[in-house]
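Text of the file model.cif, holding mmCIF, C-alpha atoms:
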```cif
data_start
loop_
_atom_site.group_PDB
_atom_site.id
_atom_site.type_symbol
_atom_site.label_atom_id
_atom_site.label_comp_id
_atom_site.auth_asym_id
_atom_site.auth_seq_id
_atom_site.Cartn_x
_atom_site.Cartn_y
_atom_site.Cartn_z
ATOM 1 C CA MET A 821 149.071 -69.735 18.497
ATOM 2 C CA LYS A 822 147.760 -70.654 21.944
ATOM 3 C CA LEU A 823 144.023 -71.264 21.668
ATOM 4 C CA LEU A 824 141.682 -71.390 24.640
ATOM 5 C CA HIS A 825 138.751 -73.574 23.560
ATOM 6 C CA VAL A 826 135.737 -73.463 25.877
ATOM 7 C CA ASP A 827 132.653 -75.655 25.378
ATOM 8 C CA ALA A 828 129.451 -74.953 27.301
ATOM 9 C CA SER A 829 126.832 -77.290 25.853
ATOM 10 C CA ALA A 830 125.237 -79.844 28.167
ATOM 11 C CA LYS A 831 124.441 -82.180 25.258
ATOM 12 C CA GLY A 832 127.780 -83.922 24.955
ATOM 13 C CA GLU A 833 128.335 -85.629 21.615
ATOM 14 C CA ARG A 834 124.842 -84.606 20.415
ATOM 15 C CA SER A 835 125.840 -80.939 20.607
ATOM 16 C CA ASN A 836 125.945 -78.851 17.452
ATOM 17 C CA SER A 837 128.122 -76.169 19.034
ATOM 18 C CA ARG A 838 130.698 -78.772 20.086
ATOM 19 C CA ALA A 839 130.764 -80.316 16.599
ATOM 20 C CA LEU A 840 131.151 -76.918 14.968
ATOM 21 C CA GLY A 841 133.908 -76.004 17.418
ATOM 22 C CA ARG A 842 135.854 -79.101 16.420
ATOM 23 C CA TYR A 843 135.274 -78.204 12.770
ATOM 24 C CA PHE A 844 136.702 -74.711 13.320
ATOM 25 C CA ILE A 845 139.831 -76.125 14.944
ATOM 26 C CA GLU A 846 140.272 -78.498 12.003
ATOM 27 C CA GLN A 847 140.040 -75.514 9.668
ATOM 28 C CA LEU A 848 142.655 -73.630 11.674
ATOM 29 C CA GLN A 849 145.001 -76.599 11.657
ATOM 30 C CA ALA A 850 144.522 -77.028 7.905
ATOM 31 C CA GLN A 851 145.788 -73.468 7.417
ATOM 32 C CA GLY A 852 149.121 -74.455 8.899
ATOM 33 C CA PRO A 853 149.636 -72.610 12.201
ATOM 34 C CA GLN A 854 151.081 -74.498 15.142
ATOM 35 C CA LEU A 855 148.211 -74.696 17.611
ATOM 36 C CA GLU A 856 148.572 -75.194 21.344
ATOM 37 C CA ILE A 857 145.049 -75.931 22.582
ATOM 38 C CA ASP A 858 143.992 -75.275 26.148
ATOM 39 C CA TYR A 859 140.585 -76.961 26.499
ATOM 40 C CA LEU A 860 137.878 -76.320 29.076
ATOM 41 C CA ASP A 861 134.552 -78.170 29.177
ATOM 42 C CA LEU A 862 132.156 -76.202 31.368
ATOM 43 C CA ALA A 863 129.671 -79.069 31.421
ATOM 44 C CA GLN A 864 132.307 -81.083 33.282
ATOM 45 C CA GLN A 865 134.157 -78.285 35.089
ATOM 46 C CA ALA A 866 131.572 -75.614 35.859
ATOM 47 C CA PRO A 867 132.940 -72.651 37.815
ATOM 48 C CA ALA A 868 131.338 -72.097 41.195
ATOM 49 C CA ALA A 869 128.609 -69.498 41.513
ATOM 50 C CA VAL A 870 129.506 -66.171 43.087
ATOM 51 C CA THR A 871 129.211 -66.222 46.869
ATOM 52 C CA GLU A 872 129.500 -63.562 49.548
ATOM 53 C CA ALA A 873 132.975 -64.832 50.393
ATOM 54 C CA PHE A 874 134.036 -64.575 46.742
ATOM 55 C CA ALA A 875 132.714 -61.002 46.418
ATOM 56 C CA ILE A 876 134.469 -59.879 49.589
ATOM 57 C CA ALA A 877 137.753 -61.522 48.597
ATOM 58 C CA THR A 878 137.633 -60.065 45.092
ATOM 59 C CA TYR A 879 137.426 -56.491 46.333
ATOM 60 C CA THR A 880 139.982 -56.910 49.088
ATOM 61 C CA ALA A 881 143.437 -55.652 48.117
ATOM 62 C CA PRO A 882 145.698 -58.626 47.263
ATOM 63 C CA GLU A 883 148.175 -57.816 50.034
ATOM 64 C CA ALA A 884 145.339 -57.746 52.592
ATOM 65 C CA ARG A 885 143.759 -61.082 51.657
ATOM 66 C CA THR A 886 143.740 -63.861 54.191
ATOM 67 C CA ALA A 887 144.702 -67.420 53.355
ATOM 68 C CA ALA A 888 140.999 -68.292 53.219
ATOM 69 C CA MET A 889 140.371 -65.457 50.744
ATOM 70 C CA ARG A 890 143.217 -66.616 48.530
ATOM 71 C CA GLU A 891 141.785 -70.125 48.566
ATOM 72 C CA THR A 892 138.337 -68.777 47.650
ATOM 73 C CA LEU A 893 139.810 -66.987 44.636
ATOM 74 C CA ALA A 894 142.202 -69.731 43.512
ATOM 75 C CA ALA A 895 139.940 -71.263 40.847
ATOM 76 C CA SER A 896 139.039 -67.826 39.491
ATOM 77 C CA ASP A 897 142.720 -66.835 39.433
ATOM 78 C CA ALA A 898 143.482 -69.932 37.359
ATOM 79 C CA LEU A 899 140.709 -69.157 34.846
ATOM 80 C CA CYS A 900 141.885 -65.557 34.509
ATOM 81 C CA LYS A 901 145.402 -66.829 33.852
ATOM 82 C CA GLN A 902 144.109 -69.185 31.132
ATOM 83 C CA VAL A 903 142.255 -66.403 29.342
ATOM 84 C CA MET A 904 145.026 -63.828 29.628
ATOM 85 C CA GLU A 905 147.734 -66.212 28.408
ATOM 86 C CA ALA A 906 145.756 -67.254 25.324
ATOM 87 C CA ASP A 907 146.404 -65.691 21.941
ATOM 88 C CA ALA A 908 142.896 -66.554 20.790
ATOM 89 C CA CYS A 909 139.685 -67.794 22.387
ATOM 90 C CA LEU A 910 136.949 -69.987 20.950
ATOM 91 C CA PHE A 911 133.822 -69.891 23.080
ATOM 92 C CA ALA A 912 131.284 -72.442 21.814
ATOM 93 C CA MET A 913 127.816 -72.574 23.337
ATOM 94 C CA PRO A 914 124.130 -73.120 22.668
ATOM 95 C CA MET A 915 121.525 -70.475 23.368
ATOM 96 C CA TYR A 916 119.409 -71.546 26.338
ATOM 97 C CA ASN A 917 116.178 -69.591 26.803
ATOM 98 C CA TRP A 918 117.387 -66.558 24.857
ATOM 99 C CA SER A 919 120.779 -66.263 26.540
ATOM 100 C CA MET A 920 123.911 -68.164 27.572
ATOM 101 C CA PRO A 921 124.140 -71.397 29.575
ATOM 102 C CA SER A 922 124.402 -70.766 33.313
ATOM 103 C CA THR A 923 127.840 -72.400 33.317
ATOM 104 C CA PHE A 924 129.143 -69.801 30.883
ATOM 105 C CA LYS A 925 127.683 -66.992 32.975
ATOM 106 C CA ALA A 926 129.563 -68.446 35.939
ATOM 107 C CA PHE A 927 132.697 -68.476 33.759
ATOM 108 C CA ILE A 928 132.200 -64.778 32.972
ATOM 109 C CA ASP A 929 131.724 -64.023 36.668
ATOM 110 C CA SER A 930 134.975 -65.846 37.410
ATOM 111 C CA ILE A 931 137.072 -64.013 34.815
ATOM 112 C CA THR A 932 135.699 -60.513 35.408
ATOM 113 C CA ARG A 933 138.230 -59.605 38.064
ATOM 114 C CA THR A 934 139.375 -56.185 39.138
ATOM 115 C CA GLU A 935 143.137 -55.651 38.891
ATOM 116 C CA LEU A 936 143.408 -58.793 36.768
ATOM 117 C CA THR A 937 141.235 -58.705 33.661
ATOM 118 C CA TYR A 938 140.252 -55.067 34.132
ATOM 119 C CA LEU A 939 141.687 -52.064 35.905
ATOM 120 C CA ASN A 940 139.578 -49.471 37.663
ATOM 121 C CA THR A 941 141.469 -46.253 36.864
ATOM 122 C CA PRO A 942 140.693 -42.559 37.449
ATOM 123 C CA ASP A 943 139.792 -42.397 33.758
ATOM 124 C CA GLY A 944 137.422 -45.366 33.939
ATOM 125 C CA ILE A 945 137.504 -49.117 33.384
ATOM 126 C CA VAL A 946 140.417 -50.399 31.292
ATOM 127 C CA GLY A 947 139.987 -53.978 30.086
ATOM 128 C CA GLN A 948 143.136 -56.068 29.791
ATOM 129 C CA LEU A 949 142.133 -58.586 27.096
ATOM 130 C CA THR A 950 143.034 -56.354 24.179
ATOM 131 C CA ARG A 951 145.323 -58.626 22.172
ATOM 132 C CA GLN A 952 143.259 -61.832 22.027
ATOM 133 C CA LYS A 953 141.263 -62.873 18.990
ATOM 134 C CA VAL A 954 137.815 -63.981 20.198
ATOM 135 C CA LEU A 955 135.194 -66.064 18.416
ATOM 136 C CA PHE A 956 131.766 -66.770 19.862
ATOM 137 C CA LEU A 957 130.306 -69.834 18.181
ATOM 138 C CA THR A 958 126.656 -70.267 19.078
ATOM 139 C CA SER A 959 123.810 -72.571 18.154
ATOM 140 C CA ARG A 960 120.221 -71.357 18.325
ATOM 141 C CA GLY A 961 116.968 -73.275 18.070
ATOM 142 C CA ALA A 962 115.082 -70.513 16.258
ATOM 143 C CA ASP A 963 116.054 -68.061 13.529
ATOM 144 C CA LEU A 964 117.094 -64.902 15.361
ATOM 145 C CA ARG A 965 119.028 -63.338 12.510
ATOM 146 C CA PRO A 966 118.506 -59.601 11.912
ATOM 147 C CA GLY A 967 115.311 -59.086 9.995
ATOM 148 C CA SER A 968 113.631 -62.260 11.238
ATOM 149 C CA PRO A 969 110.410 -61.935 13.267
ATOM 150 C CA MET A 970 112.139 -63.316 16.377
ATOM 151 C CA ALA A 971 115.356 -61.296 16.114
ATOM 152 C CA TRP A 972 114.379 -59.162 19.112
ATOM 153 C CA MET A 973 114.593 -62.231 21.345
ATOM 154 C CA ASP A 974 118.369 -62.492 20.976
ATOM 155 C CA ALA A 975 119.663 -61.537 24.409
ATOM 156 C CA LEU A 976 122.799 -63.635 23.958
ATOM 157 C CA THR A 977 124.740 -61.536 21.448
ATOM 158 C CA PRO A 978 124.500 -58.188 23.303
ATOM 159 C CA SER A 979 125.275 -59.874 26.633
ATOM 160 C CA LEU A 980 128.460 -61.446 25.279
ATOM 161 C CA ARG A 981 129.535 -58.220 23.588
ATOM 162 C CA ALA A 982 129.042 -56.192 26.762
ATOM 163 C CA ALA A 983 130.668 -58.671 29.143
ATOM 164 C CA PHE A 984 133.805 -59.096 27.057
ATOM 165 C CA ALA A 985 134.093 -55.435 26.037
ATOM 166 C CA PHE A 986 134.286 -54.669 29.752
ATOM 167 C CA ILE A 987 137.436 -56.788 30.020
ATOM 168 C CA GLY A 988 138.955 -55.414 26.825
ATOM 169 C CA VAL A 989 137.647 -57.434 23.865
ATOM 170 C CA GLN A 990 136.543 -54.813 21.360
ATOM 171 C CA HIS A 991 136.139 -56.762 18.129
ATOM 172 C CA PRO A 992 134.792 -60.260 18.839
ATOM 173 C CA GLN A 993 133.554 -62.357 15.959
ATOM 174 C CA PHE A 994 130.289 -64.293 15.949
ATOM 175 C CA VAL A 995 129.249 -67.373 14.014
ATOM 176 C CA ASP A 996 125.668 -68.352 14.830
ATOM 177 C CA ALA A 997 124.129 -71.585 13.569
ATOM 178 C CA GLN A 998 120.380 -70.967 13.317
ATOM 179 C CA PRO A 999 117.643 -72.222 13.144
ATOM 180 C CA LEU A 1000 118.403 -75.732 14.378
ATOM 181 C CA GLN A 1001 115.588 -76.882 16.652
ATOM 182 C CA PHE A 1002 112.423 -75.125 15.466
ATOM 183 C CA ALA A 1003 112.935 -75.694 11.755
ATOM 184 C CA ASP A 1004 112.484 -78.343 9.099
ATOM 185 C CA PRO A 1005 115.407 -80.649 8.184
ATOM 186 C CA GLU A 1006 116.314 -78.621 5.096
ATOM 187 C CA ALA A 1007 116.550 -75.385 7.099
ATOM 188 C CA ARG A 1008 118.715 -77.094 9.731
ATOM 189 C CA THR A 1009 121.050 -78.454 7.069
ATOM 190 C CA GLU A 1010 121.343 -75.002 5.508
ATOM 191 C CA ALA A 1011 122.012 -73.402 8.900
ATOM 192 C CA LEU A 1012 124.878 -75.776 9.666
ATOM 193 C CA GLU A 1013 126.369 -75.289 6.209
ATOM 194 C CA ARG A 1014 126.208 -71.486 6.576
ATOM 195 C CA ALA A 1015 128.021 -71.793 9.895
ATOM 196 C CA ARG A 1016 130.742 -74.013 8.411
ATOM 197 C CA ILE A 1017 131.354 -71.547 5.578
ATOM 198 C CA GLU A 1018 131.616 -68.675 8.071
ATOM 199 C CA LEU A 1019 134.013 -70.701 10.228
ATOM 200 C CA GLN A 1020 136.211 -71.335 7.211
ATOM 201 C CA GLN A 1021 136.357 -67.587 6.636
ATOM 202 C CA VAL A 1022 137.251 -66.819 10.255
ATOM 203 C CA ALA A 1023 139.984 -69.495 10.211
ATOM 204 C CA ARG A 1024 141.534 -67.887 7.125
ATOM 205 C CA GLN A 1025 141.400 -64.450 8.768
ATOM 206 C CA TRP A 1026 143.043 -65.670 11.958
ATOM 207 C CA VAL A 1027 146.050 -67.126 10.181
ATOM 208 C CA ALA A 1028 146.447 -64.407 7.549
#
```
Encoding of this model in structure tokens:
Amino acid sequence: MKLLHVDASAKGERSNSRALGRYFIEQLQAQGPQLEIDYLDLAQQAPAAVTEAFAIATYTAPEARTAAMRETLAASDALCKQVMEADACLFAMPMYNWSMPSTFKAFIDSITRTELTYLNTPDGIVGQLTRQKVLFLTSRGADLRPGSPMAWMDALTPSLRAAFAFIGVQHPQFVDAQPLQFADPEARTEALERARIELQQVARQWVA
């Protein structure tokens, strides 16, 4: 299995999402599959923000692109290749102000590419990432689980679902560690343990 592992937390070794991501990989490896890990740390290698030149190059037919356009798209092309060649993707990130880190949004902008990760056909948009297993592993400061008073503030889950459905991912899995910041120590401990148990379950499913 070729696994694309993407971290987006700015907290380095103090990051819960990074620690849980490593835990998930350990669980996968314990199940026995041969893992080839392609790792990307967005805190260290943040994709560039969309520019006018990028937008123009993206919607110019490949055969009509200038050398400058091809250079503008080179980093995005490489990210698209990484995602499309993976058998499974682990996207680990914290929730920042109700949604994703800006670096992960830039990643989404880079991999949402017409005629690469989606096709614009007469019958509509056809996403190309239909075979990959996808896990979104998130950490949240507050308790935004369904039924909690703050559940309506979760803009992260629907954003991720919509962005990746557009490029073909129809059945992503989510493991959300919450609450971690605005909670007492016992609640934080319970949240991390719930996440580990869920990650164990996903690992078993992926190798079944």
Report as a tab-separated table: every residue of region 908-1023 of chain A with an atom at most 10 Å from region 843-856 of chain A, its closest pair of atoms, and their distance in Å to one decimal, counting all atoms listed in the file, with rows sorted by chain and ascending residue number.
```
residue	atom	partner	partner_atom	distance
A:Leu910	CA	A:Phe844	CA	9.0
A:Leu957	CA	A:Phe844	CA	9.4
A:Ala1015	CA	A:Phe844	CA	9.8
A:Arg1016	CA	A:Tyr843	CA	7.6
A:Ile1017	CA	A:Phe844	CA	9.9
A:Glu1018	CA	A:Phe844	CA	9.5
A:Leu1019	CA	A:Phe844	CA	5.7
A:Gln1020	CA	A:Gln847	CA	6.2
A:Gln1021	CA	A:Gln847	CA	9.3
A:Val1022	CA	A:Phe844	CA	8.5
A:Ala1023	CA	A:Leu848	CA	5.1
```
Non-local contacts of region 888-898 of chain A (6 Å; all atoms listed in the file; under 3 positions in same chain excluded) as JSON, numbers by chain: {"A": [877, 885, 901, 930]}
Explicit residue set for the PyMOL selection byres ((chain A and resi 907) around 7), as number ranges by chain: A: 821-823, 905-906, 908, 952-953
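Between CA of Gln1001 (chain A) and CA of Ala975 (chain A) the interatomic distance comes to 17.7 Å.
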d(CA of Arg981 (chain A), CA of Val946 (chain A)) in Å: 15.5 Å
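Across the chains present, the PyMOL selection byres ((chain A and resi 1002) around 9) applied to this file returns Gly961, Ala962, Asp963, Pro999, Leu1000, Gln1001, Ala1003, Asp1004 and Arg1008 of chain A.
Comparing A:Arg834, A:Lys925, A:Arg842, A:His825 by their smallest distance to Pro867 (chain A), the closest is A:Lys925 (using only C-alpha atoms).
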Residue contacts of Leu860 (chain A) (10 Å, all atoms listed in the file) excluding same-chain residues fewer than 3 positions away, as number ranges by chain: A: 824-828, 857, 863-866, 899, 902, 911
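Counting from CA of Ser835 (chain A), the distance to CA of Glu1013 (chain A) is 15.5 Å.
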Within 10 Å of (131.8, -58.7, 37.5) (file coordinates; only C-alpha atoms), which protein or nucleic acid residues are there? I'd like them as an mmCIF file with C-alpha atoms, in the coordinates of the input.
```cif
data_model
loop_
_atom_site.group_PDB
_atom_site.id
_atom_site.type_symbol
_atom_site.label_atom_id
_atom_site.label_comp_id
_atom_site.auth_asym_id
_atom_site.auth_seq_id
_atom_site.Cartn_x
_atom_site.Cartn_y
_atom_site.Cartn_z
ATOM 1 C CA VAL A 870 129.506 -66.171 43.087
ATOM 2 C CA ALA A 875 132.714 -61.002 46.418
ATOM 3 C CA THR A 878 137.633 -60.065 45.092
ATOM 4 C CA ILE A 928 132.200 -64.778 32.972
ATOM 5 C CA ASP A 929 131.724 -64.023 36.668
ATOM 6 C CA SER A 930 134.975 -65.846 37.410
ATOM 7 C CA ILE A 931 137.072 -64.013 34.815
ATOM 8 C CA THR A 932 135.699 -60.513 35.408
ATOM 9 C CA ARG A 933 138.230 -59.605 38.064
ATOM 10 C CA THR A 934 139.375 -56.185 39.138
ATOM 11 C CA TYR A 938 140.252 -55.067 34.132
ATOM 12 C CA ALA A 983 130.668 -58.671 29.143
ATOM 13 C CA PHE A 986 134.286 -54.669 29.752
ATOM 14 C CA ILE A 987 137.436 -56.788 30.020
#
```
Hits of the PyMOL selection byres ((chain A and resi 913) around 12) in this structure, as a PyMOL selection string: chain A and resi 825-832+835-841+861-863+910-912+914-916+919-925+955-960+976-977+980+994-997
Assuming 8 Å of padding per side, give the centre and edge lengths of the axis-aligned box around every listed atom of region 852-863 of chain A, in Å to one decimal and as lines of an AutoDock Vina configuration file.
```
center_x = 140.4
center_y = -75.8
center_z = 20.2
size_x = 37.4
size_y = 22.5
size_z = 38.5
```
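If only C-alpha atoms are the atoms counted, then among A:Leu939, A:Val903, A:Val954, A:Ala1007 the closest residue to Pro992 (chain A) is A:Val954.
Using only C-alpha atoms, the nearest neighbour of Leu1012 (chain A) within the list A:Thr886, A:Asn940, A:Thr950, A:Gln998 is A:Gln998.
Using all atoms listed in the file, the smallest distance between any of A:Ala873, A:Cys909, A:Ala887, A:Ala881 and Val989 (chain A) comes from A:Cys909.
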Could you add the missing atoms to region 890-901 of chain A, up to all heavy atoms, and return them as a compact mmCIF listing (two decimals), in the frame of the given file?
```txt
# COMPACT_ATOMS: atom_id res chain seq x y z
N ARG A 890 142.42 -66.16 49.67
CA ARG A 890 143.22 -66.62 48.53
C ARG A 890 142.73 -67.97 48.04
O ARG A 890 142.68 -68.23 46.82
CB ARG A 890 144.69 -66.67 48.91
CG ARG A 890 145.32 -65.29 49.12
CD ARG A 890 146.83 -65.36 49.18
NE ARG A 890 147.29 -66.08 50.36
CZ ARG A 890 147.52 -65.53 51.55
NH1 ARG A 890 147.29 -64.24 51.73
NH2 ARG A 890 147.94 -66.26 52.57
N GLU A 891 142.33 -68.82 48.96
CA GLU A 891 141.78 -70.12 48.57
C GLU A 891 140.46 -69.96 47.84
O GLU A 891 140.19 -70.65 46.85
CB GLU A 891 141.60 -71.01 49.80
CG GLU A 891 141.11 -72.41 49.47
CD GLU A 891 140.99 -73.30 50.69
OE1 GLU A 891 141.42 -72.88 51.79
OE2 GLU A 891 140.47 -74.42 50.56
N THR A 892 139.62 -69.05 48.30
CA THR A 892 138.34 -68.78 47.65
C THR A 892 138.53 -68.32 46.21
O THR A 892 137.74 -68.67 45.32
CB THR A 892 137.56 -67.71 48.44
OG1 THR A 892 137.25 -68.22 49.74
CG2 THR A 892 136.27 -67.31 47.72
N LEU A 893 139.58 -67.56 45.96
CA LEU A 893 139.81 -66.99 44.64
C LEU A 893 140.69 -67.85 43.74
O LEU A 893 140.89 -67.51 42.57
CB LEU A 893 140.46 -65.60 44.78
CG LEU A 893 139.61 -64.52 45.43
CD1 LEU A 893 140.42 -63.24 45.59
CD2 LEU A 893 138.35 -64.25 44.62
N ALA A 894 141.20 -68.96 44.25
CA ALA A 894 142.20 -69.73 43.51
C ALA A 894 141.69 -70.21 42.16
O ALA A 894 142.38 -70.10 41.14
CB ALA A 894 142.67 -70.91 44.35
N ALA A 895 140.47 -70.75 42.11
CA ALA A 895 139.94 -71.26 40.85
C ALA A 895 139.72 -70.12 39.86
O ALA A 895 140.02 -70.25 38.66
CB ALA A 895 138.64 -72.02 41.09
N SER A 896 139.23 -69.00 40.35
CA SER A 896 139.04 -67.83 39.49
C SER A 896 140.38 -67.30 38.98
O SER A 896 140.52 -66.94 37.81
CB SER A 896 138.31 -66.74 40.26
OG SER A 896 138.30 -65.51 39.56
N ASP A 897 141.38 -67.26 39.85
CA ASP A 897 142.72 -66.83 39.43
C ASP A 897 143.23 -67.70 38.28
O ASP A 897 143.81 -67.19 37.31
CB ASP A 897 143.71 -66.94 40.59
CG ASP A 897 143.47 -65.90 41.69
OD1 ASP A 897 142.78 -64.89 41.41
OD2 ASP A 897 143.97 -66.11 42.81
N ALA A 898 143.00 -69.01 38.39
CA ALA A 898 143.48 -69.93 37.36
C ALA A 898 142.76 -69.69 36.04
O ALA A 898 143.39 -69.71 34.97
CB ALA A 898 143.28 -71.37 37.81
N LEU A 899 141.45 -69.43 36.07
CA LEU A 899 140.71 -69.16 34.85
C LEU A 899 141.17 -67.85 34.22
O LEU A 899 141.31 -67.75 32.99
CB LEU A 899 139.21 -69.11 35.13
CG LEU A 899 138.53 -70.44 35.43
CD1 LEU A 899 137.07 -70.22 35.81
CD2 LEU A 899 138.63 -71.39 34.25
N CYS A 900 141.38 -66.83 35.03
CA CYS A 900 141.88 -65.56 34.51
C CYS A 900 143.23 -65.75 33.82
O CYS A 900 143.49 -65.17 32.75
CB CYS A 900 142.02 -64.53 35.63
SG CYS A 900 140.45 -63.93 36.30
N LYS A 901 144.09 -66.55 34.43
CA LYS A 901 145.40 -66.83 33.85
C LYS A 901 145.25 -67.52 32.50
O LYS A 901 145.95 -67.17 31.53
CB LYS A 901 146.21 -67.69 34.81
CG LYS A 901 147.65 -67.96 34.40
CD LYS A 901 148.40 -68.66 35.53
CE LYS A 901 149.88 -68.84 35.21
NZ LYS A 901 150.10 -69.88 34.17
```
